[in-house]
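First up is the structure itself, then whatever we jot down about it.
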Amino acid sequence: MAHFRSYRTPVKIGNWKEDLHLEEVRLRNLTCRGELISQRVDFLKRNILTPVNLSGQNDGRLHFGDVVMLVNVGGEDRECSAISISADIHTVTTTPSPGIQAPCAVSAGKVEASTRTALIITSVDGSPEGSTLHYDQGFALKTTSGFARGLYLTSDLQSFQKCARMSRLQEVNLDVDCSVQSCWKIVYFDPQERLEYEGQPVPANVKVLIVHCMTNKALAVLGDYVFWTTYGKEYEVTAHTFLDSHKAEADKNHWIVCTSDPSGGNLKLLTYFECHKSNSNNRIKDNNV
């Protein structure tokens, strides 16, 4: 027997209400404030991924006012990654001028010198711009002006209401105010020689620890907590000190404050070499132990 439709076309059958709602949601997702979402994503990437020239000093040291990248050296569960602005289309405003909204989350992503990863070493104790940064000296890290809004890398005491989204550890984000919560210090890498290097100039492009002054927690990248963003796979960033079996800070807390090569070398090759050299040294040390 041939199929016979028992209802006229106007009759609503099945999950018609659900289907209508899903279609409305689909259309709403296609357009957002009169713009296609794909257009907003392109606008975001075009601005936040703009290449930035990092500072390069002939003396090989870090200075106030330097534009740098914070690159985690990586480990067995993750590759090298840089502190990055974790902005999406919902955290970008166009009034009064295009830029990201505060507070804004951070993550650890692709090592690439851009508006998204560039940070400026800023004085909090009146040190003049261009003066040398020293171990255990307080400083702030802020994003570039313009689209990145000059926001400060900030952290606060962990609480039930205020903590990292996935790990629930101490949160790190970007905010407008330069306060005690945005004060950091660089600590010498080797704990056995740390006291001897206190107050000494900090060289660029070497392995160090970056510690939050107020809470004394070290900046960390968590390879166990991975999420997907507009920019690809990235890791959660938190302030928490991880110790190994020797009571020394683990590679989650190991950072390189990257500047450009003053001799004109390729920044990407420099960063790649430093990261992989650090990982190789760690593996050799572990094998020797």
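In the structure tokens, chains take letters A, B, ... by order of appearance, with residues numbered from 1 within each chain and ligands from 1 in the order shown.
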Applying 7 Å and only C-alpha atoms, which residues near A:Gly199 remain after dropping the ones on its own chain fewer than 4 positions away? List them as a PDB file with N, CA and C atoms, in the first residue's frame.
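Result file result-v4.pdb:
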ATOM      1  N   HIS A 134      66.396  43.455  38.785  1.00  0.00           N
ATOM      2  CA  HIS A 134      67.210  42.577  39.624  1.00  0.00           C
ATOM      3  C   HIS A 134      66.375  41.433  40.196  1.00  0.00           C
ATOM      4  N   TYR A 135      67.063  40.363  40.548  1.00  0.00           N
ATOM      5  CA  TYR A 135      66.393  39.246  41.199  1.00  0.00           C
ATOM      6  C   TYR A 135      65.714  39.708  42.484  1.00  0.00           C
ATOM      7  N   ASP A 136      64.499  39.211  42.715  1.00  0.00           N
ATOM      8  CA  ASP A 136      63.691  39.489  43.904  1.00  0.00           C
ATOM      9  C   ASP A 136      63.203  40.935  43.975  1.00  0.00           C
TER      10      ASP A 136
END
Could you write out, as JSON, numbers by chain, all the residues of stretch 110-263 of chain A that DSSP marks as strand (DSSP E)? {"A": [119, 120, 121, 122, 123, 139, 140, 141, 142, 143, 152, 153, 154, 155, 170, 171, 172, 173, 174, 175, 184, 185, 186, 187, 188, 207, 208, 209, 210, 211, 212, 219, 220, 221, 222, 223, 224, 225, 226, 227, 228, 229, 232, 233, 234, 235, 236, 237, 238, 239, 255, 256, 257, 258]}
For A:Ala105, the closest of A:Lys217, A:Arg165, A:Lys185, A:His212 counting only C-alpha atoms is A:Arg165
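Atom pair atom CA of A:Val172 / atom CA of A:Arg46 has a distance of 25.1 Å (rounded to one decimal).
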Contacts of A:His240 at 12 Å (only C-alpha atoms; same-chain gap of 2+ positions) as number ranges by chain: A: 155-158, 163-164, 167-172, 209-212, 215-222, 236-238, 242-243, 249-250, 252-254
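Between atom CA of A:Ala87 and atom CA of A:Asn205 the separation is 26.7 Å.
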When you look at stretch 61-67 of chain A with a cut-off of 10 Å (counting only C-alpha atoms), what residues show up, excluding the ones that are within fewer than 2 positions of it in the same chain? I need them as a ChimeraX atom specification. /A:52-59,69,113,117-124,127-134,139-144,201-205,257-260
Separating atom CA of A:Val111 from atom CA of A:Ser81, to the nearest tenth of an Å, is a gap of 5.5 Å
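With only C-alpha atoms as the atoms that count, the residue of A:Gly126, A:Gln101, A:Thr230, A:Val106 with the shortest distance to A:Gly150 is A:Gln101.
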### Task
For A:Thr94, list every protein, DNA or RNA residue within 12 Å, evaluated using only C-alpha atoms, and leave out those in the same chain fewer than 6 positions away; present the list as JSON, numbers by chain.
{"A": [33, 40, 43, 44, 47, 100, 101, 146, 147]}
